[in-house]
Amino acid sequence: MLSGMADFRIDEGDPAVLRPSGDWTLERFARLQPRLDGARAASRIGGIDLSGTGRMDSAGALLIARLLHRNGLGMDAVAGASEAQRALLAATLATLDQPVAHPRPPHWSDLFAHAGAATLELVAQGRRLLAFIGEVLTVLPGVLVRPRRWRPVSVAHHIEQTGLDAMPIVALLSFMVGAVITFLGAVVLRDFGAAVFAVELVAFSFLREFGVLLAAILLAGRTASAFTAQIGAMKAREEIDAIRTLGMDPIEILVLPRLLALLLVVPLLTFVAMAAGILGGLVICATSLEISPAMFLARFQDTFELRHFLVGIAKAPVFAVVIGLIGCLEGFKVEGSAESVGQRTTSSVVQSIFLVILLDAVFALVFQELGL
Amino acid sequence: MTAPGPDHAIEVRGLDSRFGSQVVHQGLDLEVRRGEILGVVGGSGSGKSVLMRSIVGLRRPDAGQVKVFGQDLAALSGPERRAVERRFGVLFQDGALFSSLTVGENVQVPLRELHPELDPLQLELLSDLKVVLAGLPEAAGDKFPSQLSGGMRKRAALARALALDPDILFLDEPTAGLDPIGAAAFDALLRTLRDALGLTVFLITHDLDTLYAICDRVAVIAERRVLVNAPLAEVERFDHPWVRDYFHGPRGRAARSAARPG
Ligand SMILES: Nc1ncnc2c1ncn2[C@@H]1O[C@H](COP(=O)(O)OP(=O)(O)OP(=O)(O)O)[C@@H](O)[C@H]1O
Ligand SMILES: [Mg+2]
């Protein structure tokens with residue numbers, strides 16, 4: 001068996017004959033291909049003599065087959081090949097008769113097309129969200145009037161996953177934010193001799209804004225992404241199609257339980273966030289502002305107004321719907337690939353956080369106008 | 001063309017596989033000779049896929065030894081092990097194509113990884129060859145796996161398994177989901193590749209026609225072990241209820257008479 005460096009020689013003559021030598025394998029492909037295709041005599045080859053060739057794999061066979069193809073030669077132009085080499089060459093040569101089409105390589109002007117497509121996509125996105133809301137709303141009444149279709153097990157499962165498991169992190173985060181706000185507020189207010197107003201500051205801000213906002217943003221990151229990944233993985237593996245063909249409604253089975261769970265969980269977590277934030281204020285007041293817990297609570301009770309709490313908690317169901325719908329909708333938009341699951345998950349987190357903050361700002365304006 | 005070494009490409013001795021309390025294999029022995037096409041048959045859930053995963057090193061045997069080319073994968077260091085693994089081409093039962101890459105890119109993944117010297121044009125030449133060789137229609141190379149039919153996905157997975165011209169090809173039900181003409185073409189392709197590249201093929205199949213058409217020997221897995229591993233004619237005569245039902249049931253008879261007309 002011959003081996004060693006792969007090389008070739010072209011015997012000039014009429015016709016020219018290619019004599020490959022050494023091992024024609026994938027390891028040598030990168031070096032052989034440009035030399036062979038670029039050889040001056042390569043377009044005048046009339047025969048190939050493989051008697052001096054060592055090992056040949058499909059990469060080597062491809063080189064020789066391309067040469068045959070280019071010169072319009074068939075297998076009968078090949079001499080000195082072993083039985084196995086002939087079989088391989090014939091199979092490789094046959095593949096070359098089938099032209100393989102490739103798409104046009106990207107061009108810089110595609111940039112404009114991309115920008116246009118992205119703009120249209122933004123519009124389509126909004127329409128799809130509205131359509132999805134409509135779809136859910138049409139399914140909802142049918143389910144609500146039939147308690148047997150409420151899927152309590154599924155709802156309970158999602159309550160546990162989205163609510164109970166998120167409770168510690170929501171509480172901890174709110175506690176810390178509450179502490180920071182109180183401290184910063186007190187630093188400023190102390191200059192006016194009004195440090196005790198820090199109590200109102202933290203209570204007011206957490207009841208109206210921060211409690212619900214922190215809970216919603218955390219759930220947008222934690223739960224919207226989870227919904228998208230769960231539903232997206234099912235979509236990619238055709239499980240959603242299976243649900244449809246089994247005569248069931250994916251919205252009823254996958255979306256409604258998640259939405260119901262969130263509708264219960266977000267107000268609950270909002271309440272926890274409010275309490276934890278105010279507790280954070282209380283602790284800071286007691287430890288570094290010389291406002292005792294008793295004083296803090298007395299002041300809190302004096303200044304507490306129910307409307308602040310109601311303004312905060314009323315936003316919770318709205319945010320719940322936003323997070324749940326976007327998480328599920330993005331899941332349904334997944335297409336077949338693992339990468340697509342990642343893209344849609346990112347998009348669902350970004351969209352839900354964006355919408356939560358946007359809606360919160362709108363609410364703030366509306367409530368202000370209403371004088372609440 | 002055969003490299004020096006033992007004439008068994010794969011040697012399994014006393015393999016035990018367990019999932020919790022479920023025993024899938026117990027004391028399983030199997031050897032695959034170099035350059036042969038071994039058909040592996042057995043009922044659904046009899047542990048064929050698990051056996052394949054054990055041989056290619058994706059599953060650590062609970063007991064026993066698996067040797068490939070005379071080497072025990074479990075005992076090798078990382079780089080040595082990867083060197084052996086590079087000689088494998090594996091087609092998983094459900095394709096396992098990378099869903100975010102096109103078919104052509106799927107084939108190019110191992111080429112890029114192991115042969116960084118190849119330029120894009122050369123990668124394309126090689127991947128086009130494997131894609132067409134695997135029997136995919138033109139233009140399939142630029143599609144994503146989710147855009148292919150089930151049978152085309154099988155072929156795409158085969159193209160990727162062939163990317164590095166492996167020494168051993170592991171195929172888990174490659175013809176399931178192919179139309180009969182496509183399955184027959186697949187059989188012919190496999191035989192050509194075996195003859196041309198000197199491949200050893202470990203072929204799990206439920207397709208009796210494939211068994212009759214191309215397998216040199218057949219291993220039957222039942223009762224947690226390899227019942228018999230012999231040429232087809234011998235396996236057919238083996239006295240065991242499952243084997244009898246398998247080869248002498250209506251489908252077995254049809255496949256046999258098709259393979260040996262007259
Ligand atoms: N990861 C796993 N965990 C638990 N059990 C498993 C696992 N993988 C396989 N099994 C079990 O091992 C047994 C053998 O499975 P295997 O996939 O090897 O079957 P098979 O022979 O390939 O069947 P088929 O012909 O249907 O593909 C089955 O009972 C299966 O439930
Ligand atoms: Mg299997």
# chains A, B, ... in the order shown; residues from 1 in each chain; ligands from 1

call {"tool": "residues_near_ligand", "arguments": {"ligand": "ligand 1", "cutoff": "6 Å", "atoms": "only C-alpha atoms and all ligand atoms", "output": "mmCIF file with C-alpha atoms, in the first residue's frame"}}
result
data_model
loop_
_atom_site.group_PDB
_atom_site.id
_atom_site.type_symbol
_atom_site.label_atom_id
_atom_site.label_comp_id
_atom_site.auth_asym_id
_atom_site.auth_seq_id
_atom_site.Cartn_x
_atom_site.Cartn_y
_atom_site.Cartn_z
ATOM 1 C CA PHE B 19 -32.638 2.462 34.990
ATOM 2 C CA VAL B 24 -32.634 -3.399 30.367
ATOM 3 C CA GLY B 43 -39.007 -5.583 20.130
ATOM 4 C CA SER B 44 -39.780 -1.990 21.003
ATOM 5 C CA GLY B 45 -38.223 -1.161 24.333
ATOM 6 C CA SER B 46 -35.888 -4.155 24.261
ATOM 7 C CA GLY B 47 -32.897 -1.860 24.688
ATOM 8 C CA LYS B 48 -31.437 -1.404 21.213
ATOM 9 C CA SER B 49 -31.021 2.331 21.481
ATOM 10 C CA VAL B 50 -29.617 1.987 24.983
#

call {"tool": "residues_around", "arguments": {"residues": "Gly80 in chain A", "least_positions_apart": "3", "cutoff": "6 Å", "atoms": "only C-alpha atoms", "output": "ChimeraX atom specification"}}
result
/A:49-51

call {"tool": "residues_around", "arguments": {"residues": "Leu259 in chain A", "least_positions_apart": "3", "cutoff": "7 Å", "atoms": "only C-alpha atoms", "output": "PyMOL selection string"}}
result
chain A and resi 255-256+262-263+321+324

call {"tool": "write_last_selection", "arguments": {"atoms": "N, CA, C and O atoms", "output": "tab-separated table (two decimals), in the first residue's frame"}}
result
chain	number	residue	atom	x	y	z
A	255	VAL	N	-52.91	28.34	28.04
A	255	VAL	CA	-52.87	29.77	28.36
A	255	VAL	C	-53.74	30.10	29.57
A	255	VAL	O	-53.28	30.77	30.50
A	256	LEU	N	-54.97	29.61	29.57
A	256	LEU	CA	-55.89	30.02	30.64
A	256	LEU	C	-55.38	29.66	32.03
A	256	LEU	O	-55.41	30.50	32.93
A	262	LEU	N	-51.62	33.66	37.34
A	262	LEU	CA	-50.99	34.97	37.50
A	262	LEU	C	-51.97	35.99	38.09
A	262	LEU	O	-51.59	36.83	38.90
A	263	LEU	N	-53.25	35.88	37.68
A	263	LEU	CA	-54.23	36.84	38.20
A	263	LEU	C	-54.36	36.72	39.71
A	263	LEU	O	-54.65	37.69	40.40
A	321	VAL	N	-52.10	40.20	33.46
A	321	VAL	CA	-52.56	39.86	32.11
A	321	VAL	C	-51.46	40.14	31.09
A	321	VAL	O	-51.20	39.33	30.20
A	324	GLY	N	-48.68	37.46	31.47
A	324	GLY	CA	-49.15	36.13	31.05
A	324	GLY	C	-49.36	36.07	29.55
A	324	GLY	O	-48.90	35.13	28.88

call {"tool": "residues_around", "arguments": {"residues": "Asp142 in chain B", "least_positions_apart": "5", "cutoff": "8 Å", "atoms": "only C-alpha atoms", "output": "list in words"}}
result
His102 and Pro103 of chain A; Thr102, Val103 and Gly104 of chain B

call {"tool": "residues_near_ligand", "arguments": {"ligand": "ligand 2", "cutoff": "12 Å", "atoms": "only C-alpha atoms and all ligand atoms", "output": "PyMOL selection string"}}
result
chain B and resi 40-53+91-95+171-174+176+203-206+221

call {"tool": "interface_residues", "arguments": {"of": "chain B", "to": "chain A", "cutoff": "8 Å", "atoms": "only C-alpha atoms", "output": "list in words"}}
result
Met1, Phe98, Ser99, Ser100, His115, Glu117, Leu118, Asp119, Gln122, Leu126, Asp128, Leu129, Val132, Leu133, Glu138, Ala139, Asp142, Pro145, Ser146, Leu164, Asp165, Thr192, Leu193, Asp195, Ala196 and Leu197 of chain B

call {"tool": "residues_around", "arguments": {"residues": "Gly52 in chain A", "least_positions_apart": "6", "cutoff": "9 Å", "atoms": "only C-alpha atoms", "output": "list of chain:residue names"}}
result
A:Leu2, A:Arg19, A:Pro20, A:Ser21, A:Gly22, A:Gly80

call {"tool": "atom_distance", "arguments": {"atom1": "CA of His107 in chain A", "atom2": "CA of Ala156 in chain B"}}
result
28.5 Å

call {"tool": "residues_around", "arguments": {"residues": "Leu111 in chain B", "least_positions_apart": "3", "cutoff": "8 Å", "atoms": "only C-alpha atoms", "output": "mmCIF file with all heavy atoms, in the first residue's frame"}}
result
data_model
loop_
_atom_site.group_PDB
_atom_site.id
_atom_site.type_symbol
_atom_site.label_atom_id
_atom_site.label_comp_id
_atom_site.auth_asym_id
_atom_site.auth_seq_id
_atom_site.Cartn_x
_atom_site.Cartn_y
_atom_site.Cartn_z
ATOM 1 N N VAL B 107 -23.806 19.547 8.394
ATOM 2 C CA VAL B 107 -22.753 18.659 7.897
ATOM 3 C C VAL B 107 -21.383 19.310 8.093
ATOM 4 O O VAL B 107 -20.385 18.639 8.360
ATOM 5 C CB VAL B 107 -22.984 18.318 6.411
ATOM 6 C CG1 VAL B 107 -21.876 17.446 5.872
ATOM 7 C CG2 VAL B 107 -24.321 17.642 6.231
ATOM 8 N N GLN B 108 -21.362 20.631 7.980
ATOM 9 C CA GLN B 108 -20.069 21.320 8.072
ATOM 10 C C GLN B 108 -19.549 21.425 9.501
ATOM 11 O O GLN B 108 -18.356 21.650 9.701
ATOM 12 C CB GLN B 108 -20.196 22.723 7.476
ATOM 13 C CG GLN B 108 -20.336 22.696 5.959
ATOM 14 C CD GLN B 108 -20.669 24.062 5.394
ATOM 15 O OE1 GLN B 108 -20.483 25.072 6.054
ATOM 16 N NE2 GLN B 108 -21.157 24.082 4.177
ATOM 17 N N LEU B 114 -12.805 20.039 13.039
ATOM 18 C CA LEU B 114 -11.600 19.218 12.981
ATOM 19 C C LEU B 114 -10.668 19.608 11.850
ATOM 20 O O LEU B 114 -9.514 19.215 11.836
ATOM 21 C CB LEU B 114 -11.989 17.742 12.828
ATOM 22 C CG LEU B 114 -12.797 17.234 14.014
ATOM 23 C CD1 LEU B 114 -13.225 15.810 13.801
ATOM 24 C CD2 LEU B 114 -11.972 17.356 15.280
ATOM 25 N N HIS B 115 -11.158 20.349 10.876
ATOM 26 C CA HIS B 115 -10.310 20.744 9.750
ATOM 27 C C HIS B 115 -10.434 22.238 9.521
ATOM 28 O O HIS B 115 -10.999 22.687 8.525
ATOM 29 C CB HIS B 115 -10.689 19.963 8.491
ATOM 30 C CG HIS B 115 -10.424 18.494 8.630
ATOM 31 N ND1 HIS B 115 -9.175 17.943 8.461
ATOM 32 C CD2 HIS B 115 -11.228 17.486 8.979
ATOM 33 C CE1 HIS B 115 -9.241 16.645 8.682
ATOM 34 N NE2 HIS B 115 -10.472 16.340 9.002
ATOM 35 N N PRO B 116 -9.868 23.025 10.432
ATOM 36 C CA PRO B 116 -9.996 24.485 10.295
ATOM 37 C C PRO B 116 -9.339 25.018 9.025
ATOM 38 O O PRO B 116 -9.588 26.154 8.651
ATOM 39 C CB PRO B 116 -9.303 25.015 11.552
ATOM 40 C CG PRO B 116 -8.549 23.888 12.135
ATOM 41 C CD PRO B 116 -9.134 22.631 11.625
ATOM 42 N N LEU B 123 -15.615 23.735 2.173
ATOM 43 C CA LEU B 123 -16.632 23.207 3.085
ATOM 44 C C LEU B 123 -17.926 22.958 2.332
ATOM 45 O O LEU B 123 -18.590 21.944 2.513
ATOM 46 C CB LEU B 123 -16.886 24.200 4.219
ATOM 47 C CG LEU B 123 -15.829 24.251 5.308
ATOM 48 C CD1 LEU B 123 -16.098 25.418 6.241
ATOM 49 C CD2 LEU B 123 -15.812 22.954 6.095
ATOM 50 N N ALA B 163 -20.099 12.874 7.567
ATOM 51 C CA ALA B 163 -19.265 14.044 7.267
ATOM 52 C C ALA B 163 -17.778 13.736 7.328
ATOM 53 O O ALA B 163 -17.007 14.190 6.486
ATOM 54 C CB ALA B 163 -19.608 15.184 8.220
ATOM 55 N N LEU B 164 -17.367 12.964 8.302
ATOM 56 C CA LEU B 164 -15.926 12.752 8.483
ATOM 57 C C LEU B 164 -15.461 11.409 7.935
ATOM 58 O O LEU B 164 -14.396 10.941 8.313
ATOM 59 C CB LEU B 164 -15.585 12.847 9.966
ATOM 60 C CG LEU B 164 -15.702 14.245 10.575
ATOM 61 C CD1 LEU B 164 -15.433 14.191 12.049
ATOM 62 C CD2 LEU B 164 -14.742 15.198 9.899
#

call {"tool": "residues_around", "arguments": {"residues": "Arg35 in chain A", "least_positions_apart": "5", "cutoff": "10 Å", "atoms": "only C-alpha atoms", "output": "CSV table (one decimal) with N, CA and C atoms, in the first residue's frame"}}
result
chain,number,residue,atom,x,y,z
A,7,ASP,N,-0.1,13.8,-3.7
A,7,ASP,CA,0.4,14.6,-4.8
A,7,ASP,C,-0.2,14.1,-6.1
A,8,PHE,N,0.1,14.8,-7.2
A,8,PHE,CA,-0.4,14.3,-8.5
A,8,PHE,C,0.6,14.8,-9.6
A,30,ALA,N,-7.7,20.4,1.7
A,30,ALA,CA,-7.6,21.8,1.7
A,30,ALA,C,-6.4,22.2,0.8
A,40,ARG,N,-3.0,24.1,-14.9
A,40,ARG,CA,-3.3,24.6,-16.2
A,40,ARG,C,-3.8,23.5,-17.1
A,42,ALA,N,-5.6,21.0,-16.2
A,42,ALA,CA,-6.7,20.3,-15.6
A,42,ALA,C,-7.9,20.3,-16.6

call {"tool": "closest_residue", "arguments": {"among": "A:Ser43, A:Gly134, A:Lys333, A:Leu32", "to": "Val17 in chain A", "atoms": "only C-alpha atoms"}}
result
A:Ser43

call {"tool": "atom_distance", "arguments": {"atom1": "CA of His240 in chain B", "atom2": "CA of Leu28 in chain B"}}
result
17.3 Å

call {"tool": "select_by_dssp", "arguments": {"residues": "range 69-234 of chain B", "states": "strand (DSSP E or B)", "output": "PyMOL selection string"}}
result
chain B and resi 71-72+88-92+95+168-172+200-204+217-222+225-230

call {"tool": "write_last_selection", "arguments": {"atoms": "N, CA, C and O atoms", "output": "compact mmCIF listing (two decimals), in the first residue's frame"}}
result
# COMPACT_ATOMS: atom_id res chain seq x y z
N GLN B 71 -10.26 -0.81 22.14
CA GLN B 71 -10.01 0.13 23.24
C GLN B 71 -11.27 0.33 24.07
O GLN B 71 -12.37 0.43 23.53
N ASP B 72 -11.08 0.37 25.38
CA ASP B 72 -12.19 0.58 26.29
C ASP B 72 -12.39 2.08 26.45
O ASP B 72 -11.58 2.77 27.06
N PHE B 88 -16.43 7.63 14.74
CA PHE B 88 -17.84 7.23 14.77
C PHE B 88 -18.67 8.15 13.90
O PHE B 88 -18.43 9.35 13.86
N GLY B 89 -19.64 7.58 13.24
CA GLY B 89 -20.71 8.41 12.69
C GLY B 89 -21.99 7.89 13.30
O GLY B 89 -22.25 6.69 13.25
N VAL B 90 -22.77 8.76 13.91
CA VAL B 90 -23.96 8.30 14.62
C VAL B 90 -25.20 8.97 14.07
O VAL B 90 -25.24 10.18 13.89
N LEU B 91 -26.20 8.17 13.76
CA LEU B 91 -27.49 8.69 13.37
C LEU B 91 -28.46 8.32 14.47
O LEU B 91 -28.75 7.15 14.68
N PHE B 92 -28.94 9.32 15.22
CA PHE B 92 -29.84 9.05 16.32
C PHE B 92 -31.24 8.77 15.81
O PHE B 92 -31.60 9.18 14.71
N GLY B 95 -32.94 11.82 14.80
CA GLY B 95 -32.20 12.76 13.95
C GLY B 95 -31.18 13.58 14.71
O GLY B 95 -30.01 13.58 14.39
N ILE B 168 -16.86 3.58 11.71
CA ILE B 168 -18.06 2.85 12.14
C ILE B 168 -19.25 3.77 12.04
O ILE B 168 -19.20 4.91 12.49
N LEU B 169 -20.30 3.24 11.46
CA LEU B 169 -21.52 4.01 11.36
C LEU B 169 -22.56 3.36 12.26
O LEU B 169 -22.81 2.15 12.17
N PHE B 170 -23.12 4.14 13.18
CA PHE B 170 -24.19 3.66 14.04
C PHE B 170 -25.49 4.27 13.53
O PHE B 170 -25.63 5.49 13.48
N LEU B 171 -26.42 3.42 13.16
CA LEU B 171 -27.66 3.93 12.60
C LEU B 171 -28.83 3.39 13.42
O LEU B 171 -29.00 2.18 13.54
N ASP B 172 -29.60 4.29 14.00
CA ASP B 172 -30.77 3.86 14.78
C ASP B 172 -32.01 4.05 13.93
O ASP B 172 -32.49 5.16 13.76
N THR B 200 -17.75 -0.16 8.90
CA THR B 200 -18.46 -1.12 9.73
C THR B 200 -19.77 -0.46 10.10
O THR B 200 -19.78 0.71 10.46
N VAL B 201 -20.87 -1.20 9.98
CA VAL B 201 -22.17 -0.57 10.23
C VAL B 201 -22.92 -1.32 11.32
O VAL B 201 -23.08 -2.54 11.25
N PHE B 202 -23.35 -0.58 12.33
CA PHE B 202 -24.19 -1.10 13.40
C PHE B 202 -25.57 -0.55 13.14
O PHE B 202 -25.81 0.64 13.30
N LEU B 203 -26.45 -1.40 12.67
CA LEU B 203 -27.71 -0.92 12.09
C LEU B 203 -28.89 -1.45 12.88
O LEU B 203 -29.21 -2.63 12.82
N ILE B 204 -29.54 -0.57 13.64
CA ILE B 204 -30.76 -0.95 14.33
C ILE B 204 -31.91 -0.77 13.37
O ILE B 204 -32.02 0.28 12.73
N ARG B 217 -24.76 -9.99 9.06
CA ARG B 217 -25.20 -10.80 10.20
C ARG B 217 -26.30 -10.04 10.93
O ARG B 217 -26.48 -8.85 10.75
N VAL B 218 -27.03 -10.77 11.75
CA VAL B 218 -28.14 -10.17 12.48
C VAL B 218 -28.03 -10.56 13.94
O VAL B 218 -27.76 -11.72 14.26
N ALA B 219 -28.17 -9.57 14.82
CA ALA B 219 -28.18 -9.84 16.25
C ALA B 219 -29.59 -9.60 16.76
O ALA B 219 -30.19 -8.57 16.47
N VAL B 220 -30.12 -10.56 17.49
CA VAL B 220 -31.47 -10.43 18.04
C VAL B 220 -31.36 -10.14 19.53
O VAL B 220 -30.72 -10.88 20.27
N ILE B 221 -31.96 -9.04 19.96
CA ILE B 221 -31.96 -8.69 21.38
C ILE B 221 -33.31 -9.01 21.97
O ILE B 221 -34.34 -8.54 21.48
N ALA B 222 -33.30 -9.86 22.97
CA ALA B 222 -34.52 -10.19 23.70
C ALA B 222 -34.09 -10.76 25.04
O ALA B 222 -32.95 -11.22 25.18
N ARG B 225 -30.64 -9.76 26.63
CA ARG B 225 -29.32 -10.11 26.13
C ARG B 225 -29.42 -10.34 24.62
O ARG B 225 -30.50 -10.24 24.05
N VAL B 226 -28.26 -10.63 24.00
CA VAL B 226 -28.28 -10.97 22.58
C VAL B 226 -28.57 -12.46 22.48
O VAL B 226 -27.77 -13.30 22.90
N LEU B 227 -29.73 -12.78 21.95
CA LEU B 227 -30.12 -14.19 21.87
C LEU B 227 -29.23 -14.92 20.88
O LEU B 227 -28.76 -16.03 21.14
N VAL B 228 -29.02 -14.31 19.74
CA VAL B 228 -28.26 -14.97 18.68
C VAL B 228 -27.67 -13.88 17.80
O VAL B 228 -28.24 -12.83 17.63
N ASN B 229 -26.45 -14.15 17.33
CA ASN B 229 -25.77 -13.18 16.48
C ASN B 229 -25.11 -13.98 15.36
O ASN B 229 -24.08 -14.60 15.57
N ALA B 230 -25.76 -14.04 14.21
CA ALA B 230 -25.31 -14.95 13.17
C ALA B 230 -25.83 -14.48 11.83
O ALA B 230 -26.66 -13.58 11.77

call {"tool": "closest_residue", "arguments": {"among": "B:Met152, B:Val12, B:Leu121, B:Ile37", "to": "Lys67 in chain B", "atoms": "only C-alpha atoms"}}
result
B:Val12

call {"tool": "atom_distance", "arguments": {"atom1": "CA of Gly70 in chain B", "atom2": "CA of Glu113 in chain B"}}
result
26.0 Å
